[in-house]
file run-v7.cif (mmCIF, C-alpha atoms)
data_work
#
loop_
_atom_site.group_PDB
_atom_site.id
_atom_site.type_symbol
_atom_site.label_atom_id
_atom_site.label_comp_id
_atom_site.auth_asym_id
_atom_site.auth_seq_id
_atom_site.Cartn_x
_atom_site.Cartn_y
_atom_site.Cartn_z
ATOM 1 C CA MET A 10 -8.300 -21.325 -9.576
ATOM 2 C CA THR A 11 -6.815 -18.393 -11.446
ATOM 3 C CA GLU A 12 -4.313 -15.889 -10.143
ATOM 4 C CA HIS A 13 -6.946 -13.120 -10.135
ATOM 5 C CA SER A 14 -9.953 -15.007 -8.744
ATOM 6 C CA TYR A 15 -9.879 -13.078 -5.465
ATOM 7 C CA LYS A 16 -10.109 -9.439 -4.438
ATOM 8 C CA ALA A 17 -7.788 -8.274 -1.677
ATOM 9 C CA LEU A 18 -9.218 -6.063 1.039
ATOM 10 C CA GLY A 19 -8.448 -2.370 0.874
ATOM 11 C CA ARG A 20 -7.690 -0.093 3.818
ATOM 12 C CA THR A 21 -11.352 0.307 4.764
ATOM 13 C CA GLY A 22 -12.018 -3.422 4.382
ATOM 14 C CA MET A 23 -9.127 -4.368 6.662
ATOM 15 C CA ALA A 24 -10.244 -1.871 9.303
ATOM 16 C CA ALA A 25 -13.848 -3.073 9.130
ATOM 17 C CA ARG A 26 -12.743 -6.706 9.470
ATOM 18 C CA ALA A 27 -10.745 -5.923 12.612
ATOM 19 C CA ALA A 28 -13.616 -3.885 14.065
ATOM 20 C CA GLN A 29 -15.879 -6.958 13.879
ATOM 21 C CA ASP A 30 -13.716 -8.785 16.407
ATOM 22 C CA ILE A 31 -13.352 -6.149 19.142
ATOM 23 C CA PRO A 32 -15.511 -7.168 22.141
ATOM 24 C CA GLY A 33 -17.799 -4.679 23.821
ATOM 25 C CA GLY A 34 -16.436 -3.001 26.921
ATOM 26 C CA TRP A 35 -12.795 -3.071 25.797
ATOM 27 C CA TYR A 36 -10.475 -0.072 26.097
ATOM 28 C CA VAL A 37 -8.677 0.221 22.774
ATOM 29 C CA ASN A 38 -5.913 2.416 21.326
ATOM 30 C CA LEU A 39 -5.798 2.921 17.565
ATOM 31 C CA GLY A 40 -2.411 3.592 15.990
ATOM 32 C CA ILE A 41 -1.599 5.931 13.130
ATOM 33 C CA GLY A 42 -2.680 4.978 9.596
ATOM 34 C CA ILE A 43 -5.215 2.255 8.771
ATOM 35 C CA PRO A 44 -6.032 1.544 12.466
ATOM 36 C CA THR A 45 -7.635 4.988 12.845
ATOM 37 C CA LEU A 46 -10.401 3.778 10.483
ATOM 38 C CA VAL A 47 -11.445 1.020 12.902
ATOM 39 C CA ALA A 48 -13.560 3.363 15.057
ATOM 40 C CA ASP A 49 -15.812 4.067 12.046
ATOM 41 C CA HIS A 50 -16.821 0.408 11.749
ATOM 42 C CA VAL A 51 -17.636 -0.787 15.263
ATOM 43 C CA PRO A 52 -21.395 -1.526 15.429
ATOM 44 C CA ALA A 53 -23.289 1.365 17.040
ATOM 45 C CA GLU A 54 -24.831 -0.929 19.662
ATOM 46 C CA ARG A 55 -21.413 -2.175 20.833
ATOM 47 C CA GLU A 56 -19.628 0.038 23.353
ATOM 48 C CA VAL A 57 -15.886 0.151 22.740
ATOM 49 C CA ILE A 58 -13.910 2.886 24.520
ATOM 50 C CA PHE A 59 -11.232 4.255 22.199
ATOM 51 C CA HIS A 60 -8.095 5.904 23.567
ATOM 52 C CA SER A 61 -5.808 8.297 21.683
ATOM 53 C CA GLU A 62 -2.333 8.802 23.111
ATOM 54 C CA ASN A 63 -2.476 12.567 22.603
ATOM 55 C CA GLY A 64 -4.935 12.589 25.511
ATOM 56 C CA ILE A 65 -8.482 11.454 24.704
ATOM 57 C CA LEU A 66 -10.608 8.654 26.124
ATOM 58 C CA GLY A 67 -13.936 8.035 24.409
ATOM 59 C CA VAL A 68 -12.994 8.815 20.801
ATOM 60 C CA GLY A 69 -15.926 8.485 18.423
ATOM 61 C CA PRO A 70 -16.069 8.004 14.643
ATOM 62 C CA ALA A 71 -15.037 10.643 12.127
ATOM 63 C CA PRO A 72 -17.390 13.646 12.416
ATOM 64 C CA ALA A 73 -19.850 14.540 9.699
ATOM 65 C CA LYS A 74 -18.723 17.177 7.231
ATOM 66 C CA HIS A 75 -19.140 20.729 8.536
ATOM 67 C CA LYS A 76 -19.581 19.366 12.090
ATOM 68 C CA GLU A 77 -15.880 18.995 12.866
ATOM 69 C CA ASN A 78 -14.329 20.537 15.957
ATOM 70 C CA PRO A 79 -10.958 21.891 14.751
ATOM 71 C CA TRP A 80 -9.475 21.408 18.229
ATOM 72 C CA LEU A 81 -10.554 17.784 18.617
ATOM 73 C CA ILE A 82 -7.975 15.583 16.873
ATOM 74 C CA ASN A 83 -6.416 12.168 17.372
ATOM 75 C CA ALA A 84 -2.718 11.247 17.401
ATOM 76 C CA SER A 85 -2.753 11.278 13.579
ATOM 77 C CA SER A 86 -3.961 14.917 13.631
ATOM 78 C CA GLN A 87 -7.285 13.762 12.159
ATOM 79 C CA ARG A 88 -10.489 15.370 13.375
ATOM 80 C CA VAL A 89 -12.575 13.034 15.509
ATOM 81 C CA SER A 90 -15.807 13.069 17.495
ATOM 82 C CA LEU A 91 -16.255 12.371 21.199
ATOM 83 C CA HIS A 92 -18.735 9.950 22.726
ATOM 84 C CA PRO A 93 -20.850 11.163 25.677
ATOM 85 C CA GLY A 94 -18.759 10.772 28.830
ATOM 86 C CA GLY A 95 -15.484 11.124 26.948
ATOM 87 C CA SER A 96 -12.602 12.994 28.544
ATOM 88 C CA PHE A 97 -9.390 14.900 27.795
ATOM 89 C CA PHE A 98 -6.087 14.841 29.694
ATOM 90 C CA ASP A 99 -2.382 15.536 29.263
ATOM 91 C CA HIS A 100 0.279 13.238 27.783
ATOM 92 C CA ALA A 101 1.488 12.148 31.201
ATOM 93 C CA MET A 102 -1.929 10.785 32.140
ATOM 94 C CA SER A 103 -2.381 9.301 28.668
ATOM 95 C CA PHE A 104 0.842 7.304 28.860
ATOM 96 C CA ALA A 105 0.107 6.305 32.448
ATOM 97 C CA ILE A 106 -2.953 4.551 30.986
ATOM 98 C CA VAL A 107 -0.718 2.843 28.414
ATOM 99 C CA ARG A 108 2.176 1.908 30.696
ATOM 100 C CA GLY A 109 -0.149 0.894 33.505
ATOM 101 C CA GLN A 110 -1.599 -1.837 31.253
ATOM 102 C CA HIS A 111 -5.095 -0.380 31.382
ATOM 103 C CA LEU A 112 -5.646 -0.921 27.641
ATOM 104 C CA ASP A 113 -7.232 -4.204 26.579
ATOM 105 C CA LEU A 114 -6.018 -3.786 23.018
ATOM 106 C CA CYS A 115 -3.825 -1.671 20.780
ATOM 107 C CA VAL A 116 -4.303 -1.819 17.007
ATOM 108 C CA LEU A 117 -1.156 -0.783 15.124
ATOM 109 C CA GLY A 118 0.002 -0.566 11.527
ATOM 110 C CA GLY A 119 3.098 -2.494 10.545
ATOM 111 C CA PHE A 120 5.826 -3.063 7.981
ATOM 112 C CA GLN A 121 6.750 -6.578 9.171
ATOM 113 C CA VAL A 122 5.587 -9.152 11.725
ATOM 114 C CA ALA A 123 7.611 -12.245 12.591
ATOM 115 C CA GLU A 124 6.156 -15.645 13.433
ATOM 116 C CA ASN A 125 7.190 -15.165 17.092
ATOM 117 C CA GLY A 126 5.214 -11.910 17.317
ATOM 118 C CA ASP A 127 8.060 -9.433 16.801
ATOM 119 C CA LEU A 128 6.833 -6.156 15.292
ATOM 120 C CA ALA A 129 8.600 -3.660 13.024
ATOM 121 C CA ASN A 130 6.401 -0.661 12.271
ATOM 122 C CA TRP A 131 8.455 2.513 12.385
ATOM 123 C CA ALA A 132 11.265 2.263 9.810
ATOM 124 C CA GLN A 133 11.211 0.963 6.246
ATOM 125 C CA SER A 134 14.666 -0.606 6.523
ATOM 126 C CA ALA A 135 17.521 -1.076 8.954
ATOM 127 C CA GLU A 136 19.259 1.894 7.292
ATOM 128 C CA SER A 137 16.216 4.157 7.130
ATOM 129 C CA GLY A 138 16.742 7.566 8.664
ATOM 130 C CA THR A 139 13.129 8.654 8.241
ATOM 131 C CA GLY A 140 10.251 8.351 10.632
ATOM 132 C CA GLN A 141 10.141 8.221 14.413
ATOM 133 C CA ILE A 142 9.175 5.335 16.671
ATOM 134 C CA GLY A 143 6.953 7.684 18.714
ATOM 135 C CA GLY A 144 4.670 6.062 21.280
ATOM 136 C CA ALA A 145 4.386 2.769 19.405
ATOM 137 C CA MET A 146 6.957 1.020 21.595
ATOM 138 C CA ASP A 147 5.005 1.937 24.752
ATOM 139 C CA LEU A 148 1.733 0.811 23.204
ATOM 140 C CA ALA A 149 3.214 -2.439 21.884
ATOM 141 C CA VAL A 150 4.341 -3.563 25.330
ATOM 142 C CA GLY A 151 1.702 -1.799 27.452
ATOM 143 C CA ALA A 152 -1.527 -3.134 25.923
ATOM 144 C CA LYS A 153 -2.830 -6.560 26.955
ATOM 145 C CA GLN A 154 -3.201 -7.520 23.290
ATOM 146 C CA VAL A 155 -1.669 -6.077 20.116
ATOM 147 C CA TRP A 156 -3.310 -6.487 16.719
ATOM 148 C CA VAL A 157 -1.569 -5.347 13.542
ATOM 149 C CA ILE A 158 -3.308 -4.233 10.331
ATOM 150 C CA MET A 159 -1.206 -4.159 7.154
ATOM 151 C CA GLU A 160 -0.979 -5.213 3.533
ATOM 152 C CA HIS A 161 -0.029 -8.885 3.200
ATOM 153 C CA THR A 162 2.876 -8.077 0.880
ATOM 154 C CA THR A 163 4.803 -5.001 -0.214
ATOM 155 C CA LYS A 164 3.993 -3.246 -3.486
ATOM 156 C CA GLY A 165 6.835 -5.261 -4.980
ATOM 157 C CA GLY A 166 5.309 -8.535 -3.808
ATOM 158 C CA GLU A 167 7.743 -9.163 -0.935
ATOM 159 C CA ALA A 168 6.384 -10.944 2.126
ATOM 160 C CA ARG A 169 5.638 -8.989 5.292
ATOM 161 C CA LEU A 170 4.882 -12.036 7.480
ATOM 162 C CA LEU A 171 8.353 -13.401 8.113
ATOM 163 C CA LYS A 172 10.355 -15.946 10.044
ATOM 164 C CA ARG A 173 12.318 -13.027 11.490
ATOM 165 C CA CYS A 174 11.928 -9.274 10.943
ATOM 166 C CA THR A 175 14.654 -7.602 8.919
ATOM 167 C CA TYR A 176 13.662 -4.048 9.914
ATOM 168 C CA PRO A 177 14.378 -2.430 13.309
ATOM 169 C CA LEU A 178 11.964 -3.770 15.931
ATOM 170 C CA THR A 179 9.295 -1.732 17.641
ATOM 171 C CA ALA A 180 8.952 -4.444 20.289
ATOM 172 C CA PRO A 181 9.729 -8.175 20.500
ATOM 173 C CA GLY A 182 7.039 -10.848 20.814
ATOM 174 C CA CYS A 183 4.174 -8.377 21.261
ATOM 175 C CA VAL A 184 1.763 -9.174 18.400
ATOM 176 C CA THR A 185 -1.178 -11.472 19.130
ATOM 177 C CA ARG A 186 -3.112 -11.159 15.841
ATOM 178 C CA VAL A 187 -2.574 -9.822 12.314
ATOM 179 C CA TYR A 188 -5.202 -8.532 9.891
ATOM 180 C CA THR A 189 -3.923 -8.323 6.338
ATOM 181 C CA SER A 190 -5.434 -7.634 2.942
ATOM 182 C CA LEU A 191 -5.686 -11.419 2.463
ATOM 183 C CA ALA A 192 -6.231 -13.071 5.829
ATOM 184 C CA VAL A 193 -6.589 -12.956 9.609
ATOM 185 C CA LEU A 194 -3.867 -14.781 11.521
ATOM 186 C CA ASP A 195 -3.224 -15.411 15.206
ATOM 187 C CA VAL A 196 0.319 -15.494 16.547
ATOM 188 C CA ALA A 197 0.604 -18.713 18.536
ATOM 189 C CA GLU A 198 3.459 -20.671 20.055
ATOM 190 C CA ARG A 199 3.856 -22.641 16.818
ATOM 191 C CA GLY A 200 3.705 -19.537 14.617
ATOM 192 C CA PHE A 201 1.013 -17.989 12.407
ATOM 193 C CA VAL A 202 -2.344 -19.752 12.666
ATOM 194 C CA VAL A 203 -4.814 -18.831 9.914
ATOM 195 C CA ARG A 204 -8.236 -17.857 11.268
ATOM 196 C CA ASP A 205 -9.790 -16.499 8.082
ATOM 197 C CA ILE A 206 -8.923 -16.113 4.384
ATOM 198 C CA ILE A 207 -10.632 -13.820 1.879
ATOM 199 C CA PRO A 208 -13.013 -15.549 -0.566
ATOM 200 C CA GLY A 209 -11.368 -16.999 -3.654
ATOM 201 C CA LEU A 210 -7.890 -17.430 -2.140
ATOM 202 C CA SER A 211 -6.690 -20.888 -1.107
ATOM 203 C CA PHE A 212 -4.494 -21.753 1.869
ATOM 204 C CA ASP A 213 -1.673 -22.767 -0.486
ATOM 205 C CA GLU A 214 -1.897 -19.458 -2.363
ATOM 206 C CA LEU A 215 -1.759 -17.597 0.946
ATOM 207 C CA GLN A 216 1.310 -19.604 1.933
ATOM 208 C CA ALA A 217 2.981 -18.701 -1.359
ATOM 209 C CA ARG A 218 2.680 -15.032 -0.373
ATOM 210 C CA THR A 219 4.057 -15.606 3.122
ATOM 211 C CA GLU A 220 7.653 -16.337 4.116
ATOM 212 C CA ALA A 221 6.837 -17.879 7.503
ATOM 213 C CA LYS A 222 5.111 -21.251 7.684
ATOM 214 C CA LEU A 223 1.346 -21.025 8.126
ATOM 215 C CA HIS A 224 -0.712 -23.364 10.295
ATOM 216 C CA ARG A 225 -4.383 -24.251 10.079
#

call {"tool": "encode", "arguments": {"input": "run-v7.cif", "output": "structure tokens"}}
result
Amino acid sequence: MTEHSYKALGRTGMAARAAQDIPGGWYVNLGIGIPTLVADHVPAEREVIFHSENGILGVGPAPAKHKENPWLINASSQRVSLHPGGSFFDHAMSFAIVRGQHLDLCVLGGFQVAENGDLANWAQSAESGTGQIGGAMDLAVGAKQVWVIMEHTTKGGEARLLKRCTYPLTAPGCVTRVYTSLAVLDVAERGFVVRDIIPGLSFDELQARTEAKLHR
């Protein structure tokens, strides 16, 4: 097998892969970045109720061009649609939904995930003065499950799936599953368990791109 015999998933591919696994009837929050694309890829016949922490329940896919409502945006300030029966409310009610553990799932972006489920997704280093943690810490501990979507490695080839995070934590032990550009992994008691690998990439090659030990 050659080094270039596989094609890593892009942003849309990662979002579509995660969307396949969301069960019907779940209440789901989508974090800023790649996770916002997930709503575009849930099958039309499957009802998933998307929540946005700026105060929407029933978020639909991105609206068609020239049919956008300029006042209807998600937490990423992207224009969205609203499913029939959707509702609007203030931040207090929105975070009562989060903190009251009424969300089945939150899908977040990430910089690093540790094998024990620790998540770092708001600062690019321990010394970084940019970015804000925002509502991610509430979502990470308030949702019943937390899935993370991110590139498997940095642009420089450094691992993002680690034994321990080196960046400031968003929340400890919160991540239950990770969707990367190369694989889908569950966070179990023994560490990262590989559920799926992209075609053309072997388990050993995936391990070579991962600091933490992988399990089958």

call {"tool": "residues_near_point", "arguments": {"input": "run-v7.cif", "point": "(-9.6, -7.2, 6.5)", "cutoff": "8 Å", "atoms": "all atoms listed in the file", "output": "PyMOL selection string"}}
result
chain A and resi 18-27+158+188-193

call {"tool": "resolve_selection", "arguments": {"input": "run-v7.cif", "expression": "the PyMOL selection byres ((chain A and resi 96-105) around 7)", "output": "PyMOL selection string"}}
result
chain A and resi 62-67+94-95+106-109

call {"tool": "residues_around", "arguments": {"input": "run-v7.cif", "residues": "Ala28 in chain A", "least_positions_apart": "2", "cutoff": "6 Å", "atoms": "only C-alpha atoms", "output": "PyMOL selection string"}}
result
chain A and resi 25-26+30-31+47+50-51

call {"tool": "residues_near_point", "arguments": {"input": "run-v7.cif", "point": "(4.5, -11.3, 19.3)", "cutoff": "6 Å", "atoms": "all atoms listed in the file", "output": "NGL selection string"}}
result
:A and (125-127 or 182-185)

call {"tool": "resolve_selection", "arguments": {"input": "run-v7.cif", "expression": "the PyMOL selection byres ((chain A and resi 113-122) around 8)", "output": "PyMOL selection string"}}
result
chain A and resi 35-44+110-112+123-124+126-133+145+148-149+152-159+169-171+173-176+184

call {"tool": "closest_residue", "arguments": {"input": "run-v7.cif", "among": "A:Arg218, A:His75, A:Arg225, A:Leu178", "to": "Val203 in chain A", "atoms": "all atoms listed in the file"}}
result
A:Arg225

call {"tool": "closest_residue", "arguments": {"input": "run-v7.cif", "among": "A:Ala17, A:Val89, A:Val187, A:Val57", "to": "Pro72 in chain A", "atoms": "all atoms listed in the file"}}
result
A:Val89

call {"tool": "residues_around", "arguments": {"input": "run-v7.cif", "residues": "Glu77 in chain A", "least_positions_apart": "4", "cutoff": "12 Å", "atoms": "all atoms listed in the file", "output": "PyMOL selection string"}}
result
chain A and resi 69-73+81-82+87-91

call {"tool": "closest_residue", "arguments": {"input": "run-v7.cif", "among": "A:His60, A:Gly33, A:Leu223, A:Leu46", "to": "Val196 in chain A", "atoms": "all atoms listed in the file"}}
result
A:Leu223

call {"tool": "atom_distance", "arguments": {"input": "run-v7.cif", "atom1": "CA of Ile58 in chain A", "atom2": "CA of Ala84 in chain A"}}
result
15.7 Å

call {"tool": "atom_distance", "arguments": {"input": "run-v7.cif", "atom1": "CA of Lys74 in chain A", "atom2": "CA of Pro32 in chain A"}}
result
28.7 Å

call {"tool": "closest_residue", "arguments": {"input": "run-v7.cif", "among": "A:Arg204, A:Arg199, A:Lys76, A:Arg55", "to": "Lys172 in chain A", "atoms": "all atoms listed in the file"}}
result
A:Arg199

call {"tool": "atom_distance", "arguments": {"input": "run-v7.cif", "atom1": "CA of Ala168 in chain A", "atom2": "CA of Leu215 in chain A"}}
result
10.6 Å

call {"tool": "axis_aligned_box", "arguments": {"input": "run-v7.cif", "around": "range 207-222 of chain A", "padding_each_side": "8 Å", "output": "JSON"}}
result
{"center_x": -2.7, "center_y": -18.3, "center_z": 2.0, "size_x": 36.7, "size_y": 24.9, "size_z": 27.3}

call {"tool": "closest_residue", "arguments": {"input": "run-v7.cif", "among": "A:Ser14, A:His161, A:Gly209, A:Asn83", "to": "Thr45 in chain A", "atoms": "all atoms listed in the file"}}
result
A:Asn83
